[in-house]
$ cat model.txt   # compact mmCIF, C-alpha atoms
# COMPACT_ATOMS: atom_id res chain seq x y z
CA MET A 167 -8.52 -3.02 -18.06
CA THR A 168 -10.91 -1.59 -15.51
CA GLY A 169 -14.28 -3.21 -14.92
CA GLU A 170 -15.98 -0.37 -16.78
CA GLU A 171 -13.64 -0.80 -19.76
CA ILE A 172 -14.33 -4.55 -19.83
CA VAL A 173 -18.09 -3.99 -19.91
CA GLN A 174 -17.78 -1.25 -22.55
CA SER A 175 -15.64 -3.40 -24.85
CA CYS A 176 -17.82 -6.49 -24.38
CA LYS A 177 -20.99 -4.55 -25.16
CA GLU A 178 -19.45 -2.78 -28.15
CA TYR A 179 -18.05 -5.84 -29.89
CA THR A 180 -20.10 -8.85 -28.79
CA MET A 181 -23.73 -9.98 -28.92
CA TRP A 182 -25.44 -11.21 -25.77
CA SER A 183 -27.78 -14.18 -25.69
CA TRP A 184 -31.54 -13.97 -24.99
CA SER A 185 -31.31 -10.20 -24.45
CA ALA A 186 -32.21 -6.82 -25.86
CA GLN A 187 -28.66 -5.59 -26.25
CA GLN A 188 -29.17 -2.16 -24.65
CA ALA A 189 -30.67 -3.76 -21.53
CA VAL A 190 -27.63 -5.94 -20.77
CA ASP A 191 -26.04 -5.22 -17.37
CA PRO A 192 -23.34 -7.87 -16.85
CA ILE A 193 -21.33 -8.63 -13.75
CA VAL A 194 -17.59 -8.42 -14.43
CA MET A 195 -16.59 -11.89 -13.27
CA THR A 196 -12.88 -12.17 -12.46
CA LYS A 197 -12.48 -15.31 -10.34
CA ALA A 198 -14.48 -18.35 -9.27
CA GLU A 199 -13.93 -21.18 -6.82
CA GLY A 200 -16.30 -23.73 -5.31
CA ILE A 201 -19.78 -22.26 -4.94
CA TYR A 202 -18.54 -18.65 -5.21
CA PHE A 203 -17.38 -16.17 -7.81
CA TRP A 204 -15.99 -12.63 -7.49
CA ASP A 205 -16.38 -9.43 -9.48
CA ASP A 206 -13.80 -6.80 -10.44
CA LYS A 207 -14.32 -4.95 -7.18
CA GLY A 208 -13.63 -8.04 -5.08
CA LYS A 209 -17.26 -8.65 -4.18
CA ARG A 210 -18.11 -12.31 -3.59
CA TYR A 211 -21.30 -13.92 -4.90
CA THR A 212 -22.89 -17.23 -3.98
CA ASP A 213 -23.58 -18.92 -7.31
CA PHE A 214 -27.04 -20.32 -6.50
CA ASN A 215 -27.74 -21.36 -10.07
CA SER A 216 -24.36 -22.93 -10.90
CA GLN A 217 -24.19 -20.24 -13.62
CA LEU A 218 -26.56 -22.04 -16.03
CA MET A 219 -27.05 -25.23 -14.00
CA CYS A 220 -23.64 -26.43 -15.12
CA THR A 221 -20.91 -26.05 -12.47
CA ASN A 222 -22.02 -29.23 -10.71
CA ILE A 223 -18.76 -29.97 -8.88
CA GLY A 224 -18.17 -26.27 -8.29
CA HIS A 225 -16.02 -23.71 -10.03
CA SER A 226 -12.33 -24.28 -10.81
CA HIS A 227 -11.89 -27.71 -9.28
CA PRO A 228 -8.10 -28.17 -8.98
CA LYS A 229 -8.12 -31.74 -10.33
CA VAL A 230 -10.02 -30.70 -13.44
CA ILE A 231 -7.82 -27.65 -13.98
CA GLN A 232 -4.72 -29.82 -13.70
CA ALA A 233 -6.14 -32.37 -16.14
CA ILE A 234 -6.73 -29.62 -18.71
CA LYS A 235 -3.15 -28.36 -18.26
CA ASP A 236 -1.72 -31.86 -18.57
CA GLN A 237 -3.74 -32.53 -21.71
CA ALA A 238 -2.56 -29.27 -23.27
CA ASP A 239 1.02 -30.43 -22.73
CA GLU A 240 0.32 -33.90 -24.16
CA LEU A 241 -1.98 -33.14 -27.11
CA SER A 242 -4.02 -29.97 -27.42
CA TYR A 243 -6.07 -30.94 -30.49
CA ALA A 244 -6.84 -33.94 -32.66
CA GLY A 245 -9.40 -34.04 -35.46
CA PRO A 246 -12.60 -36.03 -35.06
CA ALA A 247 -11.24 -38.91 -37.17
CA MET A 248 -8.34 -39.50 -34.77
CA ALA A 249 -8.18 -42.02 -31.92
CA THR A 250 -6.70 -40.55 -28.74
CA ARG A 251 -5.85 -41.83 -25.29
CA VAL A 252 -8.33 -39.49 -23.61
CA ARG A 253 -11.12 -40.52 -25.98
CA ALA A 254 -10.44 -44.15 -25.12
CA GLU A 255 -10.49 -43.32 -21.41
CA PHE A 256 -13.67 -41.23 -21.40
CA GLY A 257 -16.00 -43.77 -23.03
CA PRO A 258 -15.83 -46.64 -20.53
CA LEU A 259 -15.75 -44.20 -17.60
CA LEU A 260 -19.04 -42.63 -18.67
CA ALA A 261 -20.58 -46.00 -19.60
CA LYS A 262 -20.24 -47.07 -15.95
CA HIS A 263 -22.93 -44.54 -15.08
CA THR A 264 -25.26 -44.18 -18.08
CA PRO A 265 -28.58 -46.04 -17.74
CA GLY A 266 -28.94 -49.58 -19.08
CA ASP A 267 -27.12 -50.26 -22.32
CA LEU A 268 -26.63 -46.63 -23.36
CA ASN A 269 -22.92 -47.13 -23.97
CA LYS A 270 -22.20 -45.64 -27.41
CA PHE A 271 -21.38 -41.93 -27.43
CA PHE A 272 -21.36 -39.14 -29.99
CA PHE A 273 -19.54 -35.98 -28.87
CA THR A 274 -20.59 -32.37 -29.40
CA LEU A 275 -19.69 -29.05 -27.80
CA GLY A 276 -22.91 -28.48 -25.89
CA GLY A 277 -26.48 -29.42 -25.18
CA ALA A 278 -28.15 -27.84 -28.21
CA GLU A 279 -25.75 -29.64 -30.56
CA ALA A 280 -26.35 -32.87 -28.65
CA ASN A 281 -30.09 -32.53 -29.19
CA GLU A 282 -29.64 -31.61 -32.86
CA ASN A 283 -27.68 -34.81 -33.40
CA ALA A 284 -30.07 -36.88 -31.29
CA LEU A 285 -32.82 -35.67 -33.62
CA LYS A 286 -30.73 -36.76 -36.61
CA PHE A 287 -30.02 -40.21 -35.09
CA ALA A 288 -33.73 -40.79 -34.39
CA LYS A 289 -34.91 -39.74 -37.85
CA LEU A 290 -32.21 -41.63 -39.75
CA HIS A 291 -32.62 -44.77 -37.64
CA THR A 292 -36.41 -44.94 -37.95
CA GLY A 293 -36.86 -43.40 -41.39
CA ARG A 294 -39.71 -41.33 -39.94
CA SER A 295 -40.20 -37.57 -39.98
CA LYS A 296 -42.38 -36.33 -37.09
CA VAL A 297 -41.21 -35.57 -33.55
CA ILE A 298 -43.28 -35.15 -30.38
CA THR A 299 -42.16 -32.55 -27.85
CA ARG A 300 -43.79 -30.86 -24.86
CA TYR A 301 -44.93 -27.28 -24.32
CA LYS A 302 -42.75 -26.80 -21.25
CA GLY A 303 -39.64 -28.33 -22.81
CA TYR A 304 -36.43 -26.44 -23.54
CA HIS A 305 -33.88 -28.13 -25.80
CA GLY A 306 -31.43 -25.42 -26.84
CA GLY A 307 -30.95 -22.23 -28.81
CA SER A 308 -29.84 -23.61 -32.20
CA HIS A 309 -32.45 -23.74 -34.96
CA GLY A 310 -33.59 -27.37 -34.72
CA ALA A 311 -33.32 -27.46 -30.92
CA MET A 312 -35.37 -24.27 -30.70
CA MET A 313 -38.07 -25.86 -32.83
CA LEU A 314 -38.16 -28.74 -30.32
CA THR A 315 -38.59 -26.18 -27.54
CA GLY A 316 -42.08 -25.32 -26.33
CA ASP A 317 -41.70 -21.99 -24.54
CA PRO A 318 -42.29 -18.52 -26.06
CA ARG A 319 -38.67 -18.14 -27.14
CA ARG A 320 -39.53 -20.33 -30.13
CA TRP A 321 -42.24 -17.96 -31.39
CA PRO A 322 -39.99 -15.49 -33.30
CA ASN A 323 -38.07 -18.41 -34.83
CA GLU A 324 -41.08 -20.39 -36.02
CA ARG A 325 -41.86 -18.39 -39.12
CA ASN A 326 -39.26 -20.36 -41.05
CA GLY A 327 -39.21 -23.28 -38.64
CA MET A 328 -38.88 -27.03 -38.93
CA SER A 329 -41.91 -29.05 -39.98
CA GLY A 330 -43.19 -32.20 -38.33
CA ILE A 331 -43.19 -30.99 -34.71
CA VAL A 332 -46.13 -32.22 -32.59
CA ARG A 333 -46.52 -30.69 -29.12
CA VAL A 334 -48.23 -32.24 -26.11
CA PHE A 335 -48.84 -31.13 -22.54
CA ASP A 336 -46.50 -31.82 -19.64
CA PRO A 337 -47.39 -33.81 -16.49
CA TYR A 338 -47.70 -30.51 -14.62
CA LYS A 339 -49.88 -31.26 -11.62
CA TYR A 340 -50.03 -27.67 -10.41
CA ARG A 341 -51.71 -26.42 -13.60
CA SER A 342 -52.92 -29.45 -15.58
CA LEU A 343 -56.65 -29.55 -16.35
CA LEU A 344 -56.48 -33.33 -15.98
CA TYR A 345 -55.33 -33.19 -12.37
CA ARG A 346 -57.70 -33.03 -9.40
CA GLU A 347 -56.59 -32.26 -5.87
CA GLY A 348 -55.67 -35.44 -4.04
CA MET A 349 -55.48 -37.54 -7.20
CA PRO A 350 -52.81 -40.26 -6.86
CA ASP A 351 -49.77 -39.78 -9.08
CA GLU A 352 -50.37 -43.07 -10.86
CA GLU A 353 -53.90 -42.07 -11.84
CA PHE A 354 -52.79 -38.69 -13.14
CA SER A 355 -49.89 -40.29 -15.03
CA ASP A 356 -52.26 -42.78 -16.62
CA LEU A 357 -54.45 -39.94 -17.90
CA MET A 358 -51.41 -38.13 -19.31
CA VAL A 359 -50.17 -41.25 -21.09
CA ARG A 360 -53.62 -41.99 -22.50
CA GLN A 361 -53.82 -38.43 -23.81
CA LEU A 362 -50.38 -38.88 -25.37
CA GLU A 363 -51.49 -42.10 -27.09
CA GLU A 364 -54.52 -40.32 -28.51
CA THR A 365 -52.20 -37.70 -30.03
CA ILE A 366 -49.93 -40.42 -31.44
CA LEU A 367 -52.86 -42.14 -33.13
CA TYR A 368 -54.12 -38.87 -34.63
CA GLU A 369 -50.64 -38.10 -35.99
CA ASN A 370 -50.04 -41.63 -37.41
CA PRO A 371 -47.50 -43.54 -35.28
CA ASP A 372 -45.73 -44.79 -38.43
CA ASP A 373 -44.67 -41.20 -39.15
CA ILE A 374 -43.30 -40.40 -35.66
CA ALA A 375 -39.56 -40.87 -35.20
CA ALA A 376 -39.14 -39.79 -31.58
CA MET A 377 -40.48 -38.08 -28.51
CA PHE A 378 -38.12 -35.54 -26.94
CA LEU A 379 -38.62 -34.77 -23.25
CA GLU A 380 -36.59 -33.27 -20.47
CA THR A 381 -36.63 -36.06 -17.89
CA VAL A 382 -37.21 -33.31 -15.32
CA THR A 383 -38.43 -30.10 -16.93
CA GLY A 384 -35.88 -27.37 -16.20
CA THR A 385 -36.15 -23.62 -16.62
CA ASN A 386 -39.77 -23.76 -17.82
CA GLY A 387 -41.14 -24.89 -14.49
CA LEU A 388 -38.83 -27.33 -12.72
CA ILE A 389 -41.34 -30.16 -13.03
CA PRO A 390 -40.34 -33.65 -11.81
CA PRO A 391 -42.61 -36.23 -13.44
CA PRO A 392 -45.23 -37.89 -11.22
CA GLU A 393 -44.76 -41.55 -10.34
CA GLY A 394 -45.70 -43.79 -13.25
CA TYR A 395 -45.43 -41.15 -15.98
CA LEU A 396 -41.99 -41.95 -17.39
CA GLN A 397 -42.62 -45.68 -17.13
CA GLY A 398 -45.92 -45.27 -18.98
CA VAL A 399 -44.34 -43.13 -21.70
CA ARG A 400 -41.55 -45.69 -22.12
CA ARG A 401 -44.07 -48.53 -22.61
CA LEU A 402 -46.20 -46.49 -24.99
CA LEU A 403 -43.32 -45.39 -27.22
CA SER A 404 -41.96 -48.93 -27.38
CA LYS A 405 -45.40 -50.14 -28.47
CA TYR A 406 -45.25 -47.91 -31.56
CA GLY A 407 -41.51 -48.12 -32.29
CA ILE A 408 -40.99 -44.45 -31.40
CA MET A 409 -37.60 -43.44 -30.01
CA MET A 410 -37.64 -42.06 -26.46
CA VAL A 411 -35.10 -39.23 -26.23
CA CYS A 412 -34.41 -37.95 -22.72
CA ASP A 413 -32.76 -34.54 -22.60
CA GLU A 414 -30.67 -34.47 -19.42
CA VAL A 415 -28.53 -31.49 -20.34
CA MET A 416 -29.68 -29.73 -17.15
CA CYS A 417 -30.91 -32.55 -14.93
CA GLY A 418 -28.18 -35.13 -15.66
CA VAL A 419 -24.78 -35.93 -14.14
CA GLY A 420 -25.79 -35.86 -10.48
CA ARG A 421 -28.05 -32.79 -10.40
CA THR A 422 -31.11 -34.71 -9.12
CA GLY A 423 -29.25 -36.94 -6.65
CA GLU A 424 -28.80 -39.78 -9.14
CA TRP A 425 -26.25 -40.00 -11.92
CA PHE A 426 -29.08 -39.48 -14.39
CA ALA A 427 -32.61 -38.36 -13.59
CA CYS A 428 -34.24 -41.28 -15.40
CA ASP A 429 -32.55 -43.58 -12.85
CA HIS A 430 -35.11 -42.39 -10.28
CA TRP A 431 -37.80 -44.24 -12.25
CA ASP A 432 -35.69 -47.12 -13.63
CA VAL A 433 -36.36 -46.00 -17.18
CA VAL A 434 -33.84 -46.46 -20.00
CA PRO A 435 -34.47 -44.21 -23.01
CA ASP A 436 -33.30 -45.03 -26.53
CA ILE A 437 -31.22 -41.86 -26.65
CA LEU A 438 -30.01 -39.63 -23.81
CA THR A 439 -28.35 -36.24 -24.18
CA MET A 440 -26.10 -34.50 -21.67
CA ALA A 441 -23.72 -31.54 -21.42
CA LYS A 442 -23.20 -28.88 -18.71
CA GLY A 443 -22.33 -31.03 -15.67
CA VAL A 444 -20.34 -33.60 -17.67
CA THR A 445 -17.34 -31.26 -17.43
CA SER A 446 -18.86 -29.02 -14.76
CA ALA A 447 -18.47 -26.31 -17.43
CA HIS A 448 -14.66 -26.29 -17.20
CA THR A 449 -14.70 -26.86 -20.98
CA PRO A 450 -17.57 -27.24 -23.48
CA LEU A 451 -18.71 -30.82 -24.04
CA GLY A 452 -22.00 -32.41 -25.03
CA VAL A 453 -22.74 -36.11 -25.41
CA VAL A 454 -25.39 -38.13 -27.22
CA ALA A 455 -25.70 -41.60 -25.66
CA ILE A 456 -27.41 -44.15 -27.89
CA LYS A 457 -28.46 -47.78 -27.62
CA PRO A 458 -26.38 -50.43 -29.43
CA GLU A 459 -29.11 -51.20 -31.97
CA ILE A 460 -29.21 -47.55 -33.06
CA ALA A 461 -25.43 -47.47 -33.38
CA ALA A 462 -25.51 -50.76 -35.32
CA SER A 463 -27.79 -49.25 -37.96
CA PHE A 464 -24.80 -47.15 -39.02
CA ASP A 465 -22.29 -50.02 -39.16
CA LYS A 466 -22.55 -50.29 -42.95
CA ARG A 467 -23.88 -46.88 -43.88
CA PRO A 468 -22.44 -43.54 -42.84
CA PHE A 469 -23.90 -41.36 -40.14
CA PHE A 470 -24.02 -37.98 -41.84
CA GLY A 471 -23.04 -35.79 -38.92
CA GLY A 472 -19.88 -34.40 -37.43
CA LEU A 473 -18.13 -31.40 -35.92
CA THR A 474 -14.61 -30.04 -36.24
CA TYR A 475 -14.17 -30.13 -32.47
CA MET A 476 -15.96 -33.44 -31.86
CA GLY A 477 -13.99 -35.43 -29.28
CA HIS A 478 -11.67 -32.48 -28.59
CA PRO A 479 -8.91 -33.77 -26.28
CA MET A 480 -9.06 -30.75 -23.95
CA CYS A 481 -12.81 -31.15 -23.49
CA LEU A 482 -12.61 -34.90 -22.92
CA ALA A 483 -9.77 -34.45 -20.42
CA ALA A 484 -12.02 -32.17 -18.37
CA GLY A 485 -14.81 -34.75 -18.71
CA VAL A 486 -12.63 -37.61 -17.45
CA ALA A 487 -11.42 -35.57 -14.49
CA CYS A 488 -14.94 -34.36 -13.65
CA LEU A 489 -16.40 -37.89 -13.69
CA LYS A 490 -13.59 -39.07 -11.41
CA VAL A 491 -14.22 -36.21 -8.98
CA LEU A 492 -17.92 -37.07 -8.89
CA GLU A 493 -16.99 -40.66 -8.02
CA GLU A 494 -14.15 -39.99 -5.58
CA GLU A 495 -15.90 -37.25 -3.61
CA ASN A 496 -19.27 -39.08 -3.55
CA ILE A 497 -20.90 -35.94 -4.87
CA VAL A 498 -24.02 -37.54 -6.33
CA THR A 499 -25.01 -39.10 -3.01
CA ARG A 500 -24.20 -35.85 -1.23
CA ALA A 501 -26.50 -33.98 -3.63
CA LYS A 502 -29.33 -36.35 -2.79
CA GLU A 503 -28.87 -35.76 0.94
CA THR A 504 -28.39 -32.00 0.68
CA GLY A 505 -31.39 -31.86 -1.65
CA VAL A 506 -33.63 -32.87 1.26
CA HIS A 507 -32.44 -29.78 3.11
CA LEU A 508 -32.99 -27.58 0.06
CA ARG A 509 -36.53 -28.92 -0.19
CA ALA A 510 -37.20 -28.04 3.44
CA GLN A 511 -36.08 -24.46 2.83
CA LEU A 512 -38.28 -24.20 -0.26
CA GLU A 513 -41.27 -25.36 1.77
CA ARG A 514 -40.40 -22.84 4.47
CA MET A 515 -40.55 -20.08 1.83
CA MET A 516 -43.99 -21.30 0.78
CA ASP A 517 -45.17 -21.19 4.39
CA ARG A 518 -43.89 -17.64 4.84
CA HIS A 519 -44.74 -15.98 1.53
CA PRO A 520 -48.17 -15.72 -0.14
CA SER A 521 -46.50 -15.09 -3.51
CA VAL A 522 -45.04 -18.62 -3.53
CA GLY A 523 -47.77 -20.74 -5.11
CA ASP A 524 -45.84 -24.00 -5.37
CA VAL A 525 -42.37 -25.39 -4.78
CA ARG A 526 -40.85 -28.31 -6.64
CA SER A 527 -37.48 -30.00 -6.37
CA ILE A 528 -35.54 -33.22 -6.82
CA GLY A 529 -32.02 -33.39 -5.48
CA LEU A 530 -30.43 -29.96 -5.93
CA PHE A 531 -32.71 -29.10 -8.85
CA GLY A 532 -35.40 -26.84 -7.40
CA GLY A 533 -37.55 -23.81 -7.79
CA MET A 534 -40.47 -21.69 -6.59
CA GLU A 535 -43.44 -20.78 -8.74
CA LEU A 536 -44.57 -17.24 -7.95
CA VAL A 537 -48.22 -16.23 -8.23
CA LYS A 538 -50.38 -13.15 -7.79
CA ASN A 539 -53.10 -15.18 -6.14
CA ARG A 540 -52.75 -18.61 -4.56
CA LYS A 541 -56.42 -19.42 -4.94
CA THR A 542 -56.66 -18.67 -8.67
CA LYS A 543 -52.98 -19.58 -9.32
CA GLU A 544 -52.63 -16.53 -11.56
CA PRO A 545 -48.90 -16.35 -12.38
CA LEU A 546 -47.00 -13.34 -11.10
CA VAL A 547 -45.62 -13.02 -14.64
CA PRO A 548 -48.08 -13.44 -17.54
CA TYR A 549 -47.07 -16.19 -19.97
CA GLY A 550 -44.54 -14.79 -22.41
CA GLY A 551 -44.61 -11.46 -20.58
CA ALA A 552 -42.78 -9.67 -17.77
CA HIS A 553 -43.35 -8.20 -14.32
CA PRO A 554 -41.08 -5.62 -12.62
CA ALA A 555 -41.00 -7.63 -9.38
CA MET A 556 -38.80 -10.31 -10.95
CA PRO A 557 -35.83 -8.09 -11.96
CA GLN A 558 -36.25 -6.18 -8.70
CA MET A 559 -35.80 -9.42 -6.72
CA ILE A 560 -32.82 -10.45 -8.82
CA LYS A 561 -31.17 -7.06 -8.26
CA PHE A 562 -31.88 -7.18 -4.52
CA MET A 563 -30.20 -10.57 -4.22
CA ARG A 564 -27.34 -9.58 -6.49
CA ASP A 565 -26.69 -6.53 -4.29
CA LYS A 566 -26.63 -8.91 -1.31
CA GLY A 567 -24.14 -11.22 -3.02
CA VAL A 568 -26.46 -13.96 -4.30
CA PHE A 569 -26.54 -14.87 -7.98
CA ILE A 570 -29.84 -16.57 -8.80
CA PHE A 571 -31.85 -17.22 -11.96
CA ALA A 572 -35.43 -16.30 -12.79
CA ALA A 573 -37.43 -17.64 -15.73
CA GLN A 574 -40.93 -16.27 -16.29
CA ASN A 575 -42.60 -16.68 -12.86
CA MET A 576 -40.04 -19.22 -11.61
CA LEU A 577 -37.25 -18.49 -9.16
CA LEU A 578 -34.74 -21.32 -9.56
CA THR A 579 -32.50 -22.78 -6.86
CA ASN A 580 -29.79 -24.93 -8.48
CA PRO A 581 -26.53 -24.51 -6.57
CA PRO A 582 -23.32 -26.49 -7.16
CA LEU A 583 -23.69 -30.03 -5.81
CA ILE A 584 -20.91 -29.43 -3.27
CA ILE A 585 -22.90 -26.82 -1.34
CA THR A 586 -23.34 -27.42 2.39
CA LYS A 587 -26.52 -27.17 4.45
CA GLU A 588 -25.11 -24.12 6.22
CA GLN A 589 -24.46 -22.37 2.90
CA ILE A 590 -28.01 -23.18 1.77
CA ASP A 591 -29.39 -21.67 4.98
CA GLU A 592 -27.31 -18.49 4.57
CA THR A 593 -28.55 -18.04 1.01
CA PHE A 594 -32.19 -18.61 1.89
CA GLU A 595 -32.04 -15.84 4.48
CA ILE A 596 -31.47 -13.45 1.57
CA ILE A 597 -34.07 -15.17 -0.64
CA ASP A 598 -36.52 -14.82 2.25
CA GLU A 599 -36.00 -11.05 2.23
CA ALA A 600 -36.22 -10.83 -1.56
CA LEU A 601 -39.57 -12.61 -1.67
CA LEU A 602 -41.12 -9.69 0.21
CA ILE A 603 -40.91 -7.84 -3.13
CA ALA A 604 -43.03 -10.55 -4.77
CA ASP A 605 -45.40 -10.56 -1.81
CA ALA A 606 -45.99 -6.84 -2.29
CA ALA A 607 -46.94 -7.49 -5.93
CA ALA A 608 -49.33 -10.31 -5.06
CA ASP A 609 -53.03 -9.90 -4.29
CA LYS A 610 -53.85 -9.37 -0.64
CA ASN A 611 -55.89 -12.48 0.11

$ encode --input "model.txt" --output "structure tokens"
Amino acid sequence: MTGEEIVQSCKEYTMWSWSAQQAVDPIVMTKAEGIYFWDDKGKRYTDFNSQLMCTNIGHSHPKVIQAIKDQADELSYAGPAMATRVRAEFGPLLAKHTPGDLNKFFFTLGGAEANENALKFAKLHTGRSKVITRYKGYHGGSHGAMMLTGDPRRWPNERNGMSGIVRVFDPYKYRSLLYREGMPDEEFSDLMVRQLEETILYENPDDIAAMFLETVTGTNGLIPPPEGYLQGVRRLLSKYGIMMVCDEVMCGVGRTGEWFACDHWDVVPDILTMAKGVTSAHTPLGVVAIKPEIAASFDKRPFFGGLTYMGHPMCLAAGVACLKVLEEENIVTRAKETGVHLRAQLERMMDRHPSVGDVRSIGLFGGMELVKNRKTKEPLVPYGGAHPAMPQMIKFMRDKGVFIFAAQNMLLTNPPLIITKEQIDETFEIIDEALLIADAAADKN
């Protein structure tokens, strides 16, 4: 098939996510390796968002590909009630790296399913009904996960939504009304935690099963928590017997320069979800990691949850191989070191471009917040709206061979963790040019 025929067939017979169907303009992706992928015309692209923040060890790693092939020869499928060699191998390998005593795992096929089941674990374990989430959080596209989400994508789905959701504000220094310029992180965090406790008391803590939070907020702002925030939330939730659920679907498995983002603050949640990087997207796999006491509550009563492809041997084989590659190639430490260089380039963009209002990053999880006016902080894109400069920048970079992701007024920089400093520099030369489009749309001040 030609590239045009591929696009025509795909558009005629399949639905595309998060899109008005007539507006879809896909790249015909034919090959991928390392930090690059190629289209049907042989054009190479630098994948500066790891597709959807998921190809952490790069595309098509030969050891992972071989593991999938070997598993297909050994056992291509076993039902969720079966014990398999690869299931026995994956558990202890992952438990070496999960925080604290999070060493019991429930398998899914992706992050949304992981969060759906985390929600179920929390409610069944506590016997409570309400859940706290944050306005900037994103937890997946399935119905329950979308109700946990805070951004405007939930609005059309809320009319027949899930009850018992309580939303609170994020520790978003750049825009929080509680933050004052120069305020120490610990002071700001204390205010945020006190505000959270006030909400808990108004909602009746005995009715709240869990608080869901992205350890580092992803597409909705790339917001690392200020020092003291996660620790304060952990203490507060423990005080009221509320489960702390950290969603690390995007920020986990090395993305932030630690195996899991909560390791930066020495915080152990009650439940942790992951997906994406756990197989580096070679196969679909999500994981819910739970504490032993939560698992023990289902020792004598059933956990009413399951999936036909739970613990799929092909997916777990990719997971085992991916975890080994992360260990053997020291990729997590490399991401921490290379992340310093990424941060320097982000700051250089802020120095050079008036449209860049703020830059935020941790490890190789970064982004630029674009504004019309630095003084007023008016976003380049109105909340829940659009601005032509964003697709224009994306097209400019795509034409130059850079695949990058924009969300609202954020331009995200989340390359595979194997990227080199030289490759980062090459990519930022093109980003530098593209930001002139945003500068032209910003106020002249």

$ closest_residue --input "model.txt" --among "A:Leu357, A:Lys177, A:His553, A:Thr315" --to "Ala189 in chain A" --atoms "all atoms listed in the file"
A:Lys177

$ closest_residue --input "model.txt" --among "A:Val411, A:Gln574, A:Glu363, A:Val547" --to "Lys289 in chain A" --atoms "all atoms listed in the file"
A:Val411

$ atom_distance --input "model.txt" --atom1 "CA of Met416 in chain A" --atom2 "CA of Glu393 in chain A"
20.3 Å

$ residues_around --input "model.txt" --residues "Gly407 in chain A" --least-positions-apart "6" --cutoff "9 Å" --atoms "only C-alpha atoms" --output "ChimeraX atom specification"
/A:292,371-372,374-376

$ closest_residue --input "model.txt" --among "A:Leu344, A:Ala233, A:Met312, A:Ala510" --to "Glu324 in chain A" --atoms "all atoms listed in the file"
A:Met312

$ closest_residue --input "model.txt" --among "A:Glu347, A:Asp267, A:Asp191, A:Glu279" --to "Val433 in chain A" --atoms "only C-alpha atoms"
A:Asp267

$ closest_residue --input "model.txt" --among "A:Glu424, A:Glu240, A:Glu353, A:Asp317" --to "Tyr304 in chain A" --atoms "all atoms listed in the file"
A:Asp317

$ closest_residue --input "model.txt" --among "A:Asp436, A:Thr385, A:Leu489, A:Val190" --to "Gly257 in chain A" --atoms "only C-alpha atoms"
A:Leu489

$ atom_distance --input "model.txt" --atom1 "CA of Ile597 in chain A" --atom2 "CA of Ser342 in chain A"
28.0 Å

$ atom_distance --input "model.txt" --atom1 "CA of Cys481 in chain A" --atom2 "CA of Ala278 in chain A"
16.4 Å

$ axis_aligned_box --input "model.txt" --around "range 562-577 of chain A" --padding-each-side "5 Å" --output "JSON"
{"center_x": -33.4, "center_y": -12.9, "center_z": -8.8, "size_x": 28.5, "size_y": 22.7, "size_z": 25.0}

$ residues_around --input "model.txt" --residues "Pro265 in chain A" --least-positions-apart "5" --cutoff "10 Å" --atoms "all atoms listed in the file" --output "VMD selection string"
chain A and resid 425 to 429 432 to 435 438 455

$ build_atoms --input "model.txt" --residues "range 579-589 of chain A" --atoms "N, CA and C atoms" --output "mmCIF file, keeping the file's coordinate frame"
data_model
loop_
_atom_site.group_PDB
_atom_site.id
_atom_site.type_symbol
_atom_site.label_atom_id
_atom_site.label_comp_id
_atom_site.auth_asym_id
_atom_site.auth_seq_id
_atom_site.Cartn_x
_atom_site.Cartn_y
_atom_site.Cartn_z
ATOM 1 N N THR A 579 -33.493 -22.560 -7.918
ATOM 2 C CA THR A 579 -32.500 -22.780 -6.860
ATOM 3 C C THR A 579 -31.687 -24.020 -7.221
ATOM 4 N N ASN A 580 -30.594 -23.818 -7.945
ATOM 5 C CA ASN A 580 -29.790 -24.930 -8.480
ATOM 6 C C ASN A 580 -28.311 -24.714 -8.177
ATOM 7 N N PRO A 581 -27.911 -24.798 -6.925
ATOM 8 C CA PRO A 581 -26.530 -24.510 -6.570
ATOM 9 C C PRO A 581 -25.583 -25.638 -6.980
ATOM 10 N N PRO A 582 -24.275 -25.390 -6.950
ATOM 11 C CA PRO A 582 -23.320 -26.490 -7.160
ATOM 12 C C PRO A 582 -23.593 -27.627 -6.167
ATOM 13 N N LEU A 583 -23.340 -28.843 -6.608
ATOM 14 C CA LEU A 583 -23.690 -30.030 -5.810
ATOM 15 C C LEU A 583 -22.832 -30.173 -4.559
ATOM 16 N N ILE A 584 -21.804 -29.355 -4.441
ATOM 17 C CA ILE A 584 -20.910 -29.430 -3.270
ATOM 18 C C ILE A 584 -21.353 -28.498 -2.159
ATOM 19 N N ILE A 585 -22.450 -27.786 -2.344
ATOM 20 C CA ILE A 585 -22.900 -26.820 -1.340
ATOM 21 C C ILE A 585 -23.238 -27.542 -0.034
ATOM 22 N N THR A 586 -23.034 -26.852 1.079
ATOM 23 C CA THR A 586 -23.340 -27.420 2.390
ATOM 24 C C THR A 586 -24.714 -26.928 2.865
ATOM 25 N N LYS A 587 -25.242 -27.591 3.881
ATOM 26 C CA LYS A 587 -26.520 -27.170 4.450
ATOM 27 C C LYS A 587 -26.422 -25.761 5.023
ATOM 28 N N GLU A 588 -25.291 -25.449 5.633
ATOM 29 C CA GLU A 588 -25.110 -24.120 6.220
ATOM 30 C C GLU A 588 -25.113 -23.049 5.132
ATOM 31 N N GLN A 589 -24.481 -23.339 4.001
ATOM 32 C CA GLN A 589 -24.460 -22.370 2.900
ATOM 33 C C GLN A 589 -25.845 -22.200 2.287
#
